[in-house]
$ cat data_2.csv   # CSV, C-alpha atoms
chain,number,residue,atom,x,y,z
B,1,MET,CA,137.7,87.9,124.2
B,2,ALA,CA,141.3,88.7,123.2
B,3,GLN,CA,143.9,86.7,125.0
B,4,ILE,CA,147.6,87.4,125.0
B,5,GLN,CA,150.0,84.4,125.1
B,6,GLU,CA,153.6,84.8,126.0
B,7,SER,CA,156.2,82.6,124.4
B,8,GLY,CA,160.0,82.5,124.6
B,9,GLY,CA,162.0,83.9,127.4
B,10,GLY,CA,165.5,85.4,127.8
B,11,GLY,CA,168.8,83.5,127.7
B,12,HIS,CA,170.0,81.4,130.7
B,13,GLY,CA,173.8,81.5,130.0
B,14,LYS,CA,176.2,84.1,131.5
B,15,HIS,CA,177.1,85.4,128.1
B,16,ASP,CA,173.8,85.0,126.4
B,17,LYS,CA,172.1,88.2,125.3
B,18,LYS,CA,168.7,89.0,126.7
B,19,ARG,CA,166.0,88.5,124.1
B,20,ALA,CA,162.7,90.4,124.1
B,21,LYS,CA,159.7,88.4,125.0
B,22,ARG,CA,157.4,87.7,122.1
B,23,SER,CA,153.7,87.7,122.6
B,24,SER,CA,150.9,86.4,120.3
B,25,THR,CA,147.3,87.7,120.4
B,26,HIS,CA,144.4,85.2,120.0
B,27,VAL,CA,141.0,86.8,119.2
B,28,ASP,CA,137.9,84.9,120.2
B,29,MET,CA,135.3,85.4,117.4
B,30,THR,CA,132.4,83.7,119.2
B,31,PRO,CA,130.8,86.9,120.6
B,32,MET,CA,131.0,88.6,117.2
B,33,VAL,CA,129.4,85.7,115.4
B,34,ASP,CA,126.6,85.7,118.0
B,35,LEU,CA,126.1,89.4,117.5
B,36,ALA,CA,126.0,89.0,113.7
B,37,PHE,CA,123.3,86.3,114.0
B,38,LEU,CA,121.3,88.5,116.4
B,39,LEU,CA,121.4,91.5,114.0
B,40,LEU,CA,120.5,89.2,111.0
B,41,THR,CA,117.5,87.9,113.0
B,42,PHE,CA,116.4,91.4,114.0
B,43,PHE,CA,116.5,92.8,110.4
B,44,VAL,CA,114.7,89.7,109.0
B,45,LEU,CA,111.9,90.0,111.6
B,46,THR,CA,111.5,93.8,111.3
B,47,SER,CA,111.8,94.2,107.5
B,48,THR,CA,108.9,94.4,105.1
B,49,PHE,CA,109.0,92.2,102.1
B,50,SER,CA,108.0,93.8,98.9
B,51,LYS,CA,104.9,92.5,97.2
B,52,PRO,CA,105.1,91.5,93.5
B,53,LYS,CA,103.5,94.1,91.2
B,54,VAL,CA,100.6,92.6,89.3
B,55,LEU,CA,97.8,94.0,87.2
B,56,ARG,CA,94.4,93.7,88.8
B,57,MET,CA,92.1,92.1,86.3
B,58,ILE,CA,88.4,91.4,87.2
B,59,PHE,CA,86.7,88.6,85.3
B,60,PRO,CA,83.0,87.9,85.5
B,61,GLU,CA,82.0,84.7,87.4
B,62,LYS,CA,81.4,81.7,85.4
B,63,LEU,CA,77.7,80.9,85.0
B,64,ASP,CA,76.3,77.4,85.1
B,65,GLU,CA,73.9,76.2,82.4
B,66,LYS,CA,70.8,77.2,84.3
B,67,GLN,CA,72.1,80.8,84.8
B,68,GLN,CA,73.2,81.1,81.2
B,69,GLN,CA,69.7,80.4,80.0
B,70,GLN,CA,68.5,83.4,82.0
B,71,LYS,CA,68.7,86.9,80.5
B,72,ALA,CA,71.8,88.7,81.7
B,73,PRO,CA,71.2,92.1,83.2
B,74,GLU,CA,72.0,95.0,80.9
B,75,VAL,CA,74.5,97.7,81.7
B,76,LYS,CA,72.3,100.6,80.8
B,77,ASP,CA,75.0,103.3,80.9
B,78,GLY,CA,78.1,101.2,80.9
B,79,LEU,CA,81.1,101.8,78.5
B,80,THR,CA,82.2,98.8,76.4
B,81,LEU,CA,85.6,98.7,74.8
B,82,LEU,CA,86.2,96.4,71.8
B,83,LEU,CA,89.8,95.5,71.1
B,84,THR,CA,90.6,94.1,67.6
B,85,ASN,CA,93.5,93.7,65.2
B,86,ASN,CA,96.0,96.3,64.0
B,87,ASP,CA,95.8,98.1,67.4
B,88,LYS,CA,92.2,99.2,66.6
B,89,ILE,CA,89.8,99.9,69.4
B,90,PHE,CA,86.1,100.8,69.3
B,91,TYR,CA,83.7,101.8,72.1
B,92,TYR,CA,80.0,102.3,72.6
B,93,ARG,CA,77.8,103.4,75.5
B,94,GLY,CA,74.8,101.5,77.0
B,95,SER,CA,73.4,98.2,75.9
B,96,LEU,CA,74.2,96.5,72.6
B,97,LYS,CA,71.6,97.0,69.8
B,98,PRO,CA,71.6,96.5,66.0
B,99,THR,CA,71.5,100.3,65.7
B,100,THR,CA,74.5,100.8,68.1
B,101,GLU,CA,77.1,103.1,66.7
B,102,LEU,CA,80.7,102.0,67.3
B,103,ILE,CA,83.2,104.9,67.8
B,104,PRO,CA,86.8,104.3,66.7
B,105,ILE,CA,89.6,105.6,68.9
B,106,ASP,CA,93.3,104.9,69.5
B,107,TYR,CA,95.4,104.3,72.7
B,108,SER,CA,96.7,107.8,72.9
B,109,LYS,CA,95.9,110.4,75.7
B,110,ASN,CA,93.6,112.2,73.2
B,111,GLY,CA,91.9,108.9,72.4
B,112,LEU,CA,91.2,106.2,75.0
B,113,ARG,CA,92.3,108.3,77.9
B,114,LYS,CA,90.1,111.3,77.0
B,115,VAL,CA,87.1,109.0,76.7
B,116,LEU,CA,87.8,107.4,80.1
B,117,VAL,CA,88.3,110.8,81.8
B,118,ASP,CA,85.1,112.1,80.5
B,119,TYR,CA,83.2,109.0,81.5
B,120,ASN,CA,84.7,108.9,85.0
B,121,SER,CA,84.6,112.6,85.6
B,122,ASP,CA,82.4,112.4,88.7
B,123,LEU,CA,84.8,110.1,90.6
B,124,LEU,CA,87.8,112.0,89.4
B,125,ILE,CA,86.4,115.3,90.8
B,126,LYS,CA,85.8,113.6,94.2
B,127,LEU,CA,89.3,112.1,94.2
B,128,GLN,CA,90.9,115.5,93.3
B,129,ASP,CA,89.0,117.1,96.2
B,130,VAL,CA,90.3,114.4,98.6
B,131,GLN,CA,93.8,114.9,97.3
B,132,LYS,CA,93.7,118.6,98.0
B,133,ARG,CA,92.6,118.0,101.6
B,134,LEU,CA,95.2,115.3,102.0
B,135,ASN,CA,98.0,117.7,100.9
B,136,LYS,CA,97.0,120.1,103.7
B,137,LEU,CA,97.4,117.4,106.4
B,138,SER,CA,100.7,116.9,108.3
B,139,GLU,CA,102.5,113.6,108.1
B,140,SER,CA,101.8,112.9,111.7
B,141,ASP,CA,98.0,113.2,111.3
B,142,THR,CA,97.5,109.5,110.8
B,143,ALA,CA,93.8,109.7,111.9
B,144,GLY,CA,93.0,112.3,109.3
B,145,ARG,CA,94.8,110.5,106.5
B,146,ARG,CA,93.0,107.2,107.4
B,147,LYS,CA,89.7,109.0,107.3
B,148,LEU,CA,90.4,110.4,103.8
B,149,GLU,CA,91.6,106.9,102.6
B,150,GLU,CA,88.3,105.5,103.8
B,151,GLU,CA,86.5,108.2,101.9
B,152,VAL,CA,88.3,107.3,98.7
B,153,THR,CA,87.5,103.6,99.1
B,154,SER,CA,83.8,104.5,99.7
B,155,ALA,CA,83.7,106.7,96.6
B,156,GLN,CA,85.2,104.0,94.5
B,157,ARG,CA,82.7,101.4,95.9
B,158,VAL,CA,79.6,103.4,95.1
B,159,SER,CA,80.8,104.5,91.7
B,160,LYS,CA,78.3,103.7,89.0
B,161,GLN,CA,80.8,103.9,86.1
B,162,ILE,CA,81.4,100.4,84.7
B,163,VAL,CA,83.7,99.5,81.8
B,164,LEU,CA,83.5,96.2,79.9
B,165,VAL,CA,86.5,95.1,77.9
B,166,LYS,CA,86.0,92.6,75.0
B,167,ASN,CA,88.5,91.4,72.5
B,168,ASP,CA,88.7,89.2,69.4
B,169,GLU,CA,91.4,86.9,68.2
B,170,GLY,CA,93.2,89.8,66.5
B,171,ALA,CA,93.9,91.8,69.7
B,172,THR,CA,97.3,91.4,71.4
B,173,TYR,CA,98.5,91.2,75.0
B,174,ARG,CA,100.0,94.6,74.5
B,175,ASN,CA,96.6,96.1,73.7
B,176,MET,CA,95.2,94.7,77.0
B,177,ILE,CA,98.1,96.0,79.0
B,178,ASP,CA,97.7,99.4,77.5
B,179,VAL,CA,94.0,99.4,78.5
B,180,MET,CA,94.8,98.4,82.0
B,181,ASP,CA,97.3,101.2,82.3
B,182,GLU,CA,94.7,103.7,81.2
B,183,PHE,CA,92.3,102.3,83.8
B,184,MET,CA,94.8,103.0,86.6
B,185,ILE,CA,95.7,106.4,85.3
B,186,THR,CA,92.0,107.5,85.0
B,187,GLN,CA,91.0,105.8,88.3
B,188,ILE,CA,88.4,103.5,86.8
B,189,ALA,CA,87.1,101.6,89.9
B,190,LYS,CA,84.9,99.0,88.2
B,191,TYR,CA,86.0,97.2,85.0
B,192,TYR,CA,85.4,93.7,83.8
B,193,VAL,CA,87.2,91.7,81.1
B,194,ILE,CA,84.7,89.5,79.3
B,195,ASP,CA,86.3,86.1,79.0
B,196,ASP,CA,84.0,85.0,76.1
B,197,GLY,CA,85.1,87.9,73.9
B,198,MET,CA,82.9,89.8,71.6
B,199,ALA,CA,79.3,89.0,70.6
B,200,LYS,CA,78.5,88.2,67.0
B,201,LEU,CA,76.7,91.5,66.6
B,202,GLU,CA,79.7,93.4,67.9
B,203,LYS,CA,81.9,91.7,65.3
B,204,ASP,CA,79.4,92.4,62.6
B,205,LEU,CA,79.3,96.1,63.6
B,206,ILE,CA,83.1,96.3,63.5
B,207,LYS,CA,83.2,94.8,60.0
B,208,LYS,CA,80.5,97.3,58.9
B,209,GLN,CA,82.5,100.1,60.5
B,210,SER,CA,85.7,99.1,58.8
B,211,ASN,CA,84.2,98.9,55.3
$ encode --input "data_2.csv" --output "structure tokens"
Amino acid sequence: MAQIQESGGGGHGKHDKKRAKRSSTHVDMTPMVDLAFLLLTFFVLTSTFSKPKVLRMIFPEKLDEKQQQQKAPEVKDGLTLLLTNNDKIFYYRGSLKPTTELIPIDYSKNGLRKVLVDYNSDLLIKLQDVQKRLNKLSESDTAGRRKLEEEVTSAQRVSKQIVLVKNDEGATYRNMIDVMDEFMITQIAKYYVIDDGMAKLEKDLIKKQSN
């Protein structure tokens, strides 16, 4: 609280002139400091901390020696991307065979993005339909929005479109980031980065394709 302290009085002599009383103000800052700490505590407890933005990358589980001896299940209609040197990228559909044809593409919207859109068209159509219905809902209709979000999650979970990503020693980190960006743009729900890289047959097919 503010306090006013008076100091200095008038003259006491007969001929002394009367002097105006001087007063000094003392402000007690304790309540203001308490209020500042209360506001700081309030904002810290009610604020939402931003989460770091990271790329979601899915790696297959490591197999033990016994599991490695078993034949791995084939992805019959999966899409495999092969990243190699000089920003080259190839893809093929289905399981790998000596007669498999590798198709060269680039990282442009008319290359990799077009391939992913065509491959993931079923899920994209469903998501577009959900987005149209979402646009018609009001902001206050939280129940309706939650229901549509659950529908999106369910559609992504049951999606059968699987993309495998393999690279050799010539691929760069930039190539991998570009592929991840295209996955997010085209709403690829299931993709796996093969930690062991390309198979020998895939490398041989790339050499044959490049010649």
$ closest_residue --input "data_2.csv" --among "B:Gln128, B:Thr100, B:Thr41, B:Gln187" --to "Gln209 (chain B)" --atoms "all atoms listed in the file"
B:Thr100
$ closest_residue --input "data_2.csv" --among "B:Ile105, B:Met184, B:Leu83, B:Val130" --to "Glu150 (chain B)" --atoms "all atoms listed in the file"
B:Val130
$ atom_distance --input "data_2.csv" --atom1 "CA of Thr99 (chain B)" --atom2 "CA of Thr186 (chain B)"
29.1 Å
$ residues_around --input "data_2.csv" --residues "Gln131 (chain B)" --least-positions-apart "4" --cutoff "12 Å" --atoms "all atoms listed in the file" --output "list in words"
Leu124, Ile125, Lys126, Leu127, Asn135, Lys136, Leu137, Arg145, Leu148, Glu149, Glu151 and Val152 of chain B
$ atom_distance --input "data_2.csv" --atom1 "CA of Val158 (chain B)" --atom2 "CA of Leu123 (chain B)"
9.6 Å
$ atom_distance --input "data_2.csv" --atom1 "CA of Pro98 (chain B)" --atom2 "CA of Asn211 (chain B)"
16.7 Å
$ closest_residue --input "data_2.csv" --among "B:Leu45, B:Leu79, B:Leu201, B:Leu112" --to "Asp181 (chain B)" --atoms "only C-alpha atoms"
B:Leu112
$ residues_around --input "data_2.csv" --residues "Tyr191 (chain B)" --least-positions-apart "3" --cutoff "12 Å" --atoms "all atoms listed in the file" --output "count of residues only"
30
$ residues_around --input "data_2.csv" --residues "region 196-200 of chain B" --least-positions-apart "2" --cutoff "7 Å" --atoms "all atoms listed in the file" --output "list in words"
Lys166, Asn167, Asp168, Ile194, Glu202, Lys203 and Asp204 of chain B
